[in-house]
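Source file: target08.cif (mmCIF, C-alpha atoms and all ligand atoms)
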data_structure
#
loop_
_atom_site.label_atom_id
_atom_site.label_comp_id
_atom_site.auth_asym_id
_atom_site.auth_seq_id
_atom_site.Cartn_x
_atom_site.Cartn_y
_atom_site.Cartn_z
CA MET F 1 134.01 142.64 95.19
CA ASN F 2 136.17 141.83 98.19
CA HIS F 3 134.24 139.31 100.24
CA SER F 4 136.86 138.86 102.90
CA ALA F 5 136.28 142.20 104.64
CA ILE F 6 132.56 141.52 104.91
CA ASP F 7 132.56 137.86 105.56
CA LEU F 8 135.44 137.41 107.98
CA THR F 9 133.44 139.03 110.75
CA THR F 10 130.79 136.34 110.51
CA ALA F 11 133.07 133.47 109.44
CA TYR F 12 134.12 132.75 113.03
CA GLU F 13 130.49 132.64 114.11
CA LEU F 14 129.69 130.23 111.27
CA ILE F 15 132.49 127.92 112.37
CA ASP F 16 131.20 128.04 115.96
CA ARG F 17 127.75 127.23 114.70
CA LEU F 18 128.96 124.34 112.54
CA ALA F 19 130.89 122.91 115.51
CA GLU F 20 127.74 123.08 117.58
CA VAL F 21 124.95 121.90 115.28
CA HIS F 22 126.98 120.15 112.53
CA ALA F 23 124.99 121.72 109.72
CA LEU F 24 124.79 125.00 107.82
CA PRO F 25 122.74 126.26 104.87
CA PRO F 26 124.66 126.09 101.54
CA ALA F 27 124.93 129.89 101.35
CA ASP F 28 126.82 129.90 104.65
CA TYR F 29 129.27 127.27 103.42
CA ALA F 30 129.89 129.40 100.33
CA ALA F 31 130.39 132.52 102.48
CA LEU F 32 132.84 130.66 104.69
CA ILE F 33 134.87 129.47 101.68
CA ARG F 34 134.90 132.98 100.17
CA ALA F 35 135.94 134.46 103.48
CA PHE F 36 138.80 131.97 103.71
CA CYS F 37 139.92 132.54 100.11
CA GLY F 38 139.42 136.31 100.22
CA GLY F 39 137.03 136.12 97.29
CA ASP F 40 135.92 133.82 94.54
CA THR F 41 139.26 132.48 93.31
CA LEU F 42 139.58 129.36 95.51
CA ARG F 43 143.19 130.51 95.95
CA PRO F 44 143.63 131.60 99.57
CA PRO F 45 146.21 134.38 99.89
CA LYS F 46 149.75 133.13 100.39
CA GLU F 47 152.13 134.33 103.10
CA GLY F 48 152.97 137.98 102.51
CA GLU F 49 149.86 138.66 100.41
CA ILE F 50 146.97 140.82 101.59
CA GLY F 51 144.60 138.80 103.76
CA ALA F 52 147.05 135.95 104.33
CA GLU F 53 147.13 136.39 108.10
CA ALA F 54 143.35 136.54 108.39
CA SER F 55 143.01 133.45 106.24
CA ALA F 56 145.60 131.49 108.24
CA ALA F 57 143.92 132.55 111.50
CA LEU F 58 140.55 131.33 110.26
CA ALA F 59 142.07 127.97 109.24
CA ALA F 60 143.72 127.67 112.66
CA TYR F 61 140.38 128.40 114.33
CA ALA F 62 138.56 125.71 112.29
CA ARG F 63 141.38 123.26 113.00
CA ALA F 64 141.26 123.96 116.73
CA LYS F 65 137.50 123.34 116.75
CA ALA F 66 137.79 120.17 114.65
CA ASP F 67 140.50 118.52 116.73
CA PRO F 68 138.54 117.91 119.95
CA LEU F 69 135.56 116.63 117.97
CA ARG F 70 137.73 114.04 116.27
CA ARG F 71 139.31 113.09 119.61
CA GLN F 72 135.88 112.70 121.20
CA TYR F 73 135.18 109.76 118.83
CA TYR F 74 138.58 108.47 117.81
CA GLY F 75 141.04 109.71 120.44
CA ASN F 76 144.46 110.12 118.86
CA GLN F 77 144.06 107.01 116.71
CA ILE F 78 144.90 107.01 113.03
CA PHE F 79 143.41 104.18 110.98
CA ILE F 80 145.43 102.74 108.13
CA ARG F 81 144.13 101.06 104.98
CA GLY F 82 146.27 99.03 102.61
CA LEU F 83 145.57 100.28 99.10
CA ILE F 84 145.74 97.70 96.31
CA GLU F 85 145.47 99.32 92.88
CA TYR F 86 144.30 96.24 91.02
CA SER F 87 143.77 97.60 87.50
CA SER F 88 144.88 100.63 85.51
CA TRP F 89 142.48 99.81 82.66
CA CYS F 90 139.47 102.10 82.47
CA LYS F 91 136.55 102.34 80.08
CA ASN F 92 135.71 105.86 81.23
CA ASP F 93 137.08 109.12 79.95
CA CYS F 94 136.99 111.46 82.95
CA LEU F 95 138.72 114.62 81.76
CA TYR F 96 140.91 114.94 84.86
CA CYS F 97 142.24 111.40 85.19
CA GLY F 98 145.44 109.91 83.81
CA LEU F 99 143.78 106.49 83.55
CA ARG F 100 141.13 107.79 81.10
CA LYS F 101 140.68 105.55 78.10
CA SER F 102 141.80 108.26 75.67
CA ASN F 103 145.21 108.39 77.29
CA HIS F 104 147.00 106.00 74.96
CA THR F 105 150.32 106.63 76.67
CA ALA F 106 149.12 105.18 79.99
CA GLU F 107 150.69 101.89 81.00
CA ARG F 108 147.96 99.34 81.56
CA TYR F 109 148.05 96.33 83.88
CA ARG F 110 145.68 94.26 85.92
CA LEU F 111 146.50 92.10 88.94
CA ASP F 112 145.21 88.55 89.08
CA THR F 113 143.64 86.98 92.15
CA GLU F 114 146.92 85.47 93.34
CA GLU F 115 148.71 88.80 93.06
CA ILE F 116 145.94 90.55 95.00
CA LEU F 117 146.01 87.87 97.69
CA ALA F 118 149.79 88.22 97.92
CA CYS F 119 149.33 91.95 98.60
CA CYS F 120 146.82 91.12 101.34
CA GLU F 121 149.16 88.56 102.87
CA GLU F 122 151.97 91.04 103.07
CA GLY F 123 149.63 93.76 104.32
CA TYR F 124 148.21 91.54 107.04
CA ARG F 125 151.70 90.66 108.22
CA ILE F 126 152.63 94.35 108.44
CA GLY F 127 149.50 95.21 110.44
CA PHE F 128 146.78 96.22 107.99
CA ARG F 129 143.24 95.16 108.86
CA THR F 130 141.51 96.93 105.98
CA PHE F 131 142.26 96.25 102.33
CA VAL F 132 141.09 98.74 99.74
CA LEU F 133 140.79 97.38 96.21
CA GLN F 134 140.79 100.32 93.83
CA GLY F 135 140.89 100.32 90.06
CA GLY F 136 139.77 101.93 86.87
CA GLU F 137 136.42 100.74 85.52
CA ASP F 138 137.86 97.63 83.90
CA PRO F 139 135.20 95.43 82.25
CA TYR F 140 137.41 92.39 82.88
CA PHE F 141 136.26 92.55 86.51
CA THR F 142 132.76 91.20 85.98
CA ASP F 143 130.65 90.35 89.01
CA PRO F 144 131.80 86.71 89.12
CA VAL F 145 135.46 87.77 88.89
CA LEU F 146 135.30 90.55 91.48
CA CYS F 147 133.03 88.58 93.82
CA GLY F 148 135.47 85.66 93.58
CA ILE F 149 138.32 87.93 94.67
CA VAL F 150 136.27 89.42 97.51
CA SER F 151 135.22 86.01 98.85
CA ALA F 152 138.78 84.70 98.66
CA ILE F 153 139.98 87.65 100.77
CA ARG F 154 137.00 87.33 103.09
CA SER F 155 137.62 83.66 103.84
CA ARG F 156 141.34 84.16 104.43
CA TYR F 157 141.03 87.32 106.50
CA PRO F 158 137.79 87.15 108.49
CA ASP F 159 139.00 89.85 110.87
CA CYS F 160 139.68 92.40 108.12
CA ALA F 161 137.46 94.93 106.41
CA ILE F 162 137.28 94.85 102.63
CA THR F 163 136.75 98.15 100.85
CA LEU F 164 136.06 98.39 97.14
CA SER F 165 136.56 101.37 94.88
CA ALA F 166 135.53 99.91 91.54
CA GLY F 167 133.37 102.67 90.12
CA GLU F 168 129.81 102.65 88.82
CA ARG F 169 128.08 99.26 88.69
CA SER F 170 124.52 98.00 88.77
CA ARG F 171 122.44 97.74 91.92
CA GLU F 172 122.57 93.93 91.60
CA SER F 173 126.33 94.05 91.26
CA TYR F 174 126.69 96.04 94.48
CA GLN F 175 124.38 93.57 96.24
CA SER F 176 126.46 90.61 95.04
CA LEU F 177 129.71 92.25 96.14
CA LYS F 178 128.25 92.92 99.57
CA ALA F 179 127.03 89.32 99.81
CA ALA F 180 130.53 88.12 98.80
CA GLY F 181 131.91 89.84 101.90
CA ALA F 182 132.82 93.44 101.02
CA ASP F 183 132.11 95.96 103.79
CA ARG F 184 132.80 99.39 102.37
CA TYR F 185 132.68 101.13 99.00
CA LEU F 186 134.34 104.36 97.93
CA LEU F 187 132.78 106.23 95.05
CA ARG F 188 133.55 109.95 95.03
CA HIS F 189 130.64 112.02 93.80
CA GLU F 190 133.32 114.40 92.34
CA THR F 191 130.94 117.40 92.44
CA ALA F 192 127.33 117.76 93.50
CA ASP F 193 126.65 120.36 90.81
CA PRO F 194 125.32 118.79 87.55
CA ALA F 195 126.79 121.50 85.28
CA HIS F 196 130.18 121.17 86.95
CA TYR F 197 129.94 117.37 86.69
CA ALA F 198 129.35 117.78 82.94
CA LEU F 199 132.52 119.86 82.68
CA LEU F 200 134.60 117.11 84.27
CA HIS F 201 133.12 114.13 82.42
CA PRO F 202 131.98 113.16 78.91
CA PRO F 203 128.20 113.31 78.33
CA VAL F 204 127.69 109.55 78.91
CA GLN F 205 128.74 109.99 82.52
CA THR F 206 126.16 111.87 84.56
CA LEU F 207 125.76 113.05 88.12
CA GLU F 208 122.38 111.35 88.13
CA THR F 209 124.00 107.93 87.60
CA ARG F 210 126.66 108.68 90.20
CA MET F 211 123.98 109.58 92.74
CA ARG F 212 121.98 106.48 91.84
CA CYS F 213 125.07 104.36 92.51
CA LEU F 214 125.66 106.01 95.89
CA ALA F 215 122.04 105.35 96.87
CA ASP F 216 122.29 101.73 95.68
CA LEU F 217 125.49 101.22 97.65
CA ARG F 218 123.81 102.50 100.78
CA ASP F 219 120.77 100.26 100.16
CA ALA F 220 123.05 97.27 99.64
CA GLY F 221 124.34 97.78 103.19
CA PHE F 222 127.81 99.16 102.47
CA GLN F 223 129.58 101.75 104.55
CA VAL F 224 129.75 104.34 101.80
CA GLY F 225 132.40 106.91 100.94
CA CYS F 226 131.87 109.87 98.64
CA GLY F 227 134.17 112.82 98.03
CA PHE F 228 135.57 115.35 95.60
CA MET F 229 138.72 116.97 94.29
CA VAL F 230 139.57 120.44 95.56
CA GLY F 231 140.35 122.94 92.81
CA SER F 232 139.06 120.90 89.88
CA PRO F 233 138.53 123.06 86.77
CA GLY F 234 135.23 124.95 86.96
CA GLN F 235 134.87 124.55 90.72
CA SER F 236 133.64 127.57 92.68
CA ALA F 237 132.71 128.46 96.25
CA ASP F 238 129.12 127.70 95.25
CA THR F 239 129.85 124.23 93.84
CA LEU F 240 131.93 123.43 96.94
CA ALA F 241 129.03 124.61 99.09
CA GLN F 242 126.83 122.15 97.21
CA ASP F 243 129.34 119.39 97.95
CA LEU F 244 129.22 120.17 101.66
CA ALA F 245 125.42 120.37 101.59
CA PHE F 246 125.26 117.00 99.82
CA ILE F 247 127.52 115.42 102.44
CA GLN F 248 125.44 116.98 105.21
CA ASN F 249 122.38 115.39 103.70
CA PHE F 250 123.81 112.02 102.59
CA ARG F 251 125.90 111.44 105.71
CA PRO F 252 128.50 109.08 104.22
CA GLU F 253 130.61 106.96 106.54
CA MET F 254 133.72 108.08 104.65
CA CYS F 255 134.69 111.08 102.59
CA GLY F 256 137.79 111.38 100.41
CA ILE F 257 138.97 114.82 99.40
CA GLY F 258 142.28 115.82 97.88
CA PRO F 259 143.60 118.56 95.62
CA PHE F 260 143.10 118.21 91.89
CA ILE F 261 146.53 117.67 90.30
CA PRO F 262 146.89 117.93 86.52
CA HIS F 263 148.01 114.96 84.45
CA HIS F 264 150.05 115.84 81.35
CA ALA F 265 148.10 113.54 78.99
CA THR F 266 144.59 114.78 79.82
CA PRO F 267 142.55 117.76 78.57
CA PHE F 268 143.29 119.43 81.93
CA ALA F 269 147.07 119.19 81.51
CA LYS F 270 147.50 122.98 81.64
CA GLU F 271 145.13 123.62 84.56
CA ARG F 272 146.47 124.63 87.95
CA ALA F 273 146.56 122.22 90.85
CA GLY F 274 144.12 122.79 93.72
CA SER F 275 145.21 124.61 96.85
CA MET F 276 146.58 122.64 99.77
CA GLU F 277 145.43 125.31 102.23
CA LEU F 278 141.85 125.15 100.96
CA THR F 279 141.94 121.33 101.11
CA LEU F 280 143.06 121.53 104.75
CA PHE F 281 140.37 124.10 105.59
CA LEU F 282 137.73 121.85 104.00
CA LEU F 283 139.00 118.85 105.98
CA SER F 284 138.39 120.85 109.16
CA LEU F 285 134.92 121.88 107.98
CA LEU F 286 134.07 118.25 107.16
CA ARG F 287 135.14 117.16 110.64
CA LEU F 288 132.90 119.87 112.13
CA LEU F 289 130.05 118.91 109.82
CA GLN F 290 130.18 115.22 110.69
CA PRO F 291 132.43 114.44 113.66
CA THR F 292 132.41 110.63 113.15
CA LEU F 293 133.45 110.83 109.49
CA LEU F 294 136.32 108.59 108.37
CA LEU F 295 138.39 111.19 106.62
CA PRO F 296 141.63 110.29 104.84
CA ALA F 297 144.66 112.50 104.45
CA THR F 298 145.00 111.51 100.80
CA THR F 299 147.96 110.67 98.57
CA ALA F 300 147.16 113.76 96.48
CA LEU F 301 147.62 115.91 99.60
CA GLY F 302 150.96 114.20 100.28
CA THR F 303 151.90 114.74 96.64
CA ILE F 304 151.43 118.51 96.55
CA HIS F 305 153.31 119.13 99.81
CA PRO F 306 155.96 117.08 101.63
CA GLN F 307 154.09 117.50 104.92
CA GLY F 308 150.64 117.28 103.31
CA ARG F 309 149.57 114.14 105.13
CA GLU F 310 150.62 115.33 108.58
CA LEU F 311 148.93 118.66 107.97
CA GLY F 312 145.82 116.80 106.82
CA ILE F 313 145.73 114.80 110.05
CA GLN F 314 146.20 117.97 112.09
CA ALA F 315 143.35 119.61 110.17
CA GLY F 316 140.94 116.81 111.13
CA ALA F 317 141.65 113.72 109.02
CA ASN F 318 141.96 110.35 110.77
CA VAL F 319 142.75 107.82 108.02
CA ILE F 320 145.81 107.13 105.88
CA MET F 321 145.88 104.74 102.94
CA PRO F 322 149.43 103.61 102.20
CA ASN F 323 150.10 101.74 98.98
CA LEU F 324 150.21 97.94 99.13
CA SER F 325 150.29 97.38 95.36
CA PRO F 326 153.23 95.43 93.95
CA ALA F 327 156.18 97.84 93.74
CA ILE F 328 156.55 97.45 89.96
CA ARG F 329 152.95 98.51 89.43
CA ARG F 330 152.96 101.67 91.54
CA GLY F 331 154.43 103.87 88.86
CA GLN F 332 151.79 102.66 86.40
CA TYR F 333 148.70 103.73 88.31
CA LEU F 334 149.10 107.39 87.54
CA LEU F 335 145.97 109.45 88.07
CA TYR F 336 148.01 112.66 88.06
CA ASP F 337 151.61 113.77 87.59
CA ASN F 338 154.26 113.16 90.25
CA LYS F 339 152.00 110.85 92.29
CA LEU F 340 153.79 109.78 95.46
CA THR F 341 154.77 106.12 95.36
CA SER F 342 157.53 105.82 97.94
CA GLY F 343 158.48 107.01 101.43
CA GLU F 344 155.62 106.99 103.93
CA GLU F 345 153.31 106.35 100.98
CA SER F 346 154.58 102.78 100.80
CA ALA F 347 152.79 100.31 103.07
CA GLN F 348 156.14 98.61 103.64
CA ASN F 349 157.36 101.80 105.24
CA LEU F 350 154.86 101.76 108.06
CA ALA F 351 157.62 102.46 110.58
CA LEU F 352 158.23 105.86 108.96
CA LEU F 353 154.52 106.66 108.93
CA LYS F 354 154.20 105.67 112.60
CA LYS F 355 157.14 107.89 113.48
CA GLN F 356 155.63 110.81 111.60
CA MET F 357 152.28 110.36 113.33
CA ASP F 358 153.94 109.95 116.75
CA GLY F 359 155.78 113.18 116.03
CA ILE F 360 152.50 115.08 115.82
CA GLY F 361 150.87 113.28 118.75
CA PHE F 362 148.87 110.62 116.90
CA SER F 363 149.05 106.86 117.01
CA VAL F 364 148.74 104.46 114.06
CA VAL F 365 146.66 101.45 115.12
CA THR F 366 146.18 97.91 113.84
CA ASP F 367 142.40 97.86 113.59
CA ARG F 368 139.60 97.52 111.04
CA GLY F 369 138.90 101.16 111.80
CA ASP F 370 135.14 101.19 111.52
CA PRO F 371 133.18 104.44 111.93
CA ALA F 372 132.49 105.36 115.55
CA GLY F 373 129.03 104.25 116.56
CA ALA F 374 128.68 101.80 113.65
CA ASP F 375 126.87 98.63 114.51
CA ILE F 376 129.42 96.11 113.28
CA ASP F 377 128.29 92.52 113.28
CA ALA F 378 131.58 90.72 113.98
CA SER F 379 130.05 87.32 113.20
CA GLN F 380 129.41 88.54 109.68
CA SER F 381 133.13 88.38 109.01
CA LYS F 382 133.62 84.97 110.54
CA ASP F 383 130.93 82.86 108.97
CA VAL F 384 131.58 83.57 105.32
N1 LIG F 401 137.36 104.14 89.05
C1 LIG F 401 137.01 104.35 90.41
C2 LIG F 401 136.18 105.61 90.55
O1 LIG F 401 136.06 106.34 89.57
O2 LIG F 401 135.63 105.81 91.63
C3 LIG F 401 138.20 104.42 91.34
C4 LIG F 401 139.48 104.99 90.79
S1 LIG F 401 139.44 106.75 90.47
C5 LIG F 401 140.95 106.94 89.60
C6 LIG F 401 139.76 107.39 92.10
C7 LIG F 401 139.69 108.89 92.29
O3 LIG F 401 140.89 109.50 91.83
C8 LIG F 401 138.61 109.64 91.58
O4 LIG F 401 137.42 109.54 92.27
C9 LIG F 401 139.16 111.06 91.50
O5 LIG F 401 138.54 111.93 92.44
C10 LIG F 401 140.65 110.88 91.80
N2 LIG F 401 141.45 111.50 90.73
C11 LIG F 401 141.48 111.16 89.44
N3 LIG F 401 142.25 112.02 88.74
C12 LIG F 401 142.74 112.93 89.61
C13 LIG F 401 143.56 114.08 89.49
N4 LIG F 401 144.02 114.47 88.32
N5 LIG F 401 143.86 114.78 90.61
C14 LIG F 401 143.39 114.38 91.81
N6 LIG F 401 142.58 113.31 91.98
C15 LIG F 401 142.25 112.59 90.90
#

Just give me the structure of the file as structure tokens.
Amino acid sequence: MNHSAIDLTTAYELIDRLAEVHALPPADYAALIRAFCGGDTLRPPKEGEIGAEASAALAAYARAKADPLRRQYYGNQIFIRGLIEYSSWCKNDCLYCGLRKSNHTAERYRLDTEEILACCEEGYRIGFRTFVLQGGEDPYFTDPVLCGIVSAIRSRYPDCAITLSAGERSRESYQSLKAAGADRYLLRHETADPAHYALLHPPVQTLETRMRCLADLRDAGFQVGCGFMVGSPGQSADTLAQDLAFIQNFRPEMCGIGPFIPHHATPFAKERAGSMELTLFLLSLLRLLQPTLLLPATTALGTIHPQGRELGIQAGANVIMPNLSPAIRRGQYLLYDNKLTSGEESAQNLALLKKQMDGIGFSVVTDRGDPAGADIDASQSKDV
């Protein structure tokens, strides 16, 4: 069945509606995605193929609607986060990820507190006011260890935001990390469909636990980020519609999406990478769905296309997370093949990133980059 002929007529109306009321029923999200892709494949037609022009026009329409909404809250500002990949050890076995424990060829390292603080020092000097500590689920980082690192950063950099991306932990753990001075936590939900979640993870990892963690993070007082890969094996217009419906309901402060990219030493080695065009379209839809969302143009987007990050910003993203990890470690934190580790990806190359953003009419700012409208208690940072 060719959905595009039927659905394109209403797709524009659905985008108008989303821009106006910032919500749609799941079936409408699915229809919109099918209209864009010209069917169920999640592979929008490429230039020269049937339907390519209609698909590109729909993306341009969503982008044009998303842009003023983003500007209403954030102007032309792009927030930057310094990403510190503190451990490549992981006890989990996510089928898509190069850090999975069954990948015995992965190079493993962990940074100690001094190394992490050295990254922050350099980042602060360059102009970063948010540090993102991301790692595999490494049992070495118990609550006392991770809380110690967070409080050390907090006391040295009271004017900076601390974001953690340390996976699933207990409710008490999240509360301790918040009390130690962390502000934000990124934990992608990966997919809001339980059957799809089970395809991407071993049975011990469940969507139920992931959702429990997201709720606990919110209760602990974090600004919370969820998100998903675009084009992960088993994904469909319907599972993506569930992702958008979940975000509409959960209202995260942040949402990370990027194309799935295969890693050669995982069970998904032979799967195809997700579509950049669909990722960009979804970025626009997310901006329409929740105009204040902090939405990164991710490394994965920059990896599948040389202009991926700029295109992501133009589609509606407003955050970039350059890499602040020690240079010798960057090639060892490999979630997927060919991960970008140099050029504008490098935090040290901020001048290049600024130039690129200037070139498309955006401005990289030195700022914590909190969500618009968030009630930030500045004293909270100072008195720890
Ligand atoms: N362990 C933490 C967690 O699971 O949230 C943080 C690190 S984890 C590697 C960060 C994110 O990388 C995951 O949420 C996943 O969406 C993304 N990722 C992993 N493998 C990927 C792949 N092959 N392609 C694209 N993104 C991938």

d(CA of Gln205 (chain F), CA of Ala27 (chain F)) in Å: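 CA of Gln205 (chain F) sits 27.7 Å away from CA of Ala27 (chain F).
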
Taking a cut-off of 6 Å and counting all atoms listed in the file, can you build a table that, for each residue of chain F near ligand LIG 401 (chain F), reports the nearest atom pair and how far apart they are in Å (one decimal), sorted by chain then residue number, as CSV?
residue,atom,partner,partner_atom,distance
F:Tyr96,CA,F:LIG401,N4,4.7
F:Cys97,CA,F:LIG401,N3,3.6
F:Gln134,CA,F:LIG401,C3,5.5
F:Gly135,CA,F:LIG401,C4,4.9
F:Gly136,CA,F:LIG401,N1,3.9
F:Glu137,CA,F:LIG401,N1,5.0
F:Ser165,CA,F:LIG401,C3,5.0
F:Ala166,CA,F:LIG401,C1,4.8
F:Gly167,CA,F:LIG401,C1,4.0
F:Leu187,CA,F:LIG401,O2,4.5
F:Arg188,CA,F:LIG401,O4,4.8
F:Glu190,CA,F:LIG401,O5,5.8
F:Phe228,CA,F:LIG401,O5,5.5
F:Met229,CA,F:LIG401,O5,5.4
F:Pro259,CA,F:LIG401,C14,5.7
F:Phe260,CA,F:LIG401,N5,3.7
F:Ile261,CA,F:LIG401,N5,3.9
F:Pro262,CA,F:LIG401,N4,4.8
F:His263,CA,F:LIG401,N4,5.6
F:Leu335,CA,F:LIG401,N3,4.6
F:Tyr336,CA,F:LIG401,N4,4.4

Local residues around (137.2, 125.9, 106.4), at most 12 Å away, using all atoms listed in the file, as a count of residues only: 52

Pick from F:Asp143, F:Glu20, F:Glu122, F:Asp216, whichever lies nearest to Gln348 (chain F) using all atoms listed in the file: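 Checking each of F:Asp143, F:Glu20, F:Glu122, F:Asp216 against Gln348 (chain F), counting all atoms listed in the file, the winner is F:Glu122.
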
Closest atom pairs, residues of region 120-174 of chain F within 12 Å of region 361-365 of chain F, only C-alpha atoms, as a tab-separated table:
residue	atom	partner	partner_atom	distance
F:Ile126	CA	F:Val365	CA	11.4
F:Gly127	CA	F:Val365	CA	8.3
F:Phe128	CA	F:Val365	CA	8.8
F:Arg129	CA	F:Val365	CA	9.5
F:Thr130	CA	F:Val365	CA	11.4

Pick from F:Asp138, F:Leu352, F:Gln223, F:Glu172 nearest to Pro252 (chain F), counting only C-alpha atoms: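 With only C-alpha atoms as the atom set, the closest residue is F:Gln223.
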
If you count only C-alpha atoms, which residues fall within 7 Å of Pro371 (chain F), apart from same-chain ones fewer than 5 positions away, as a short mmCIF file (atom, residue, chain, number, x, y, z; two decimals) with C-alpha atoms, in the frame of the given file?
data_model
loop_
_atom_site.label_atom_id
_atom_site.label_comp_id
_atom_site.auth_asym_id
_atom_site.auth_seq_id
_atom_site.Cartn_x
_atom_site.Cartn_y
_atom_site.Cartn_z
CA GLU F 253 130.61 106.96 106.54
CA THR F 292 132.41 110.63 113.15
CA LEU F 293 133.45 110.83 109.49
CA LEU F 294 136.32 108.59 108.37
#
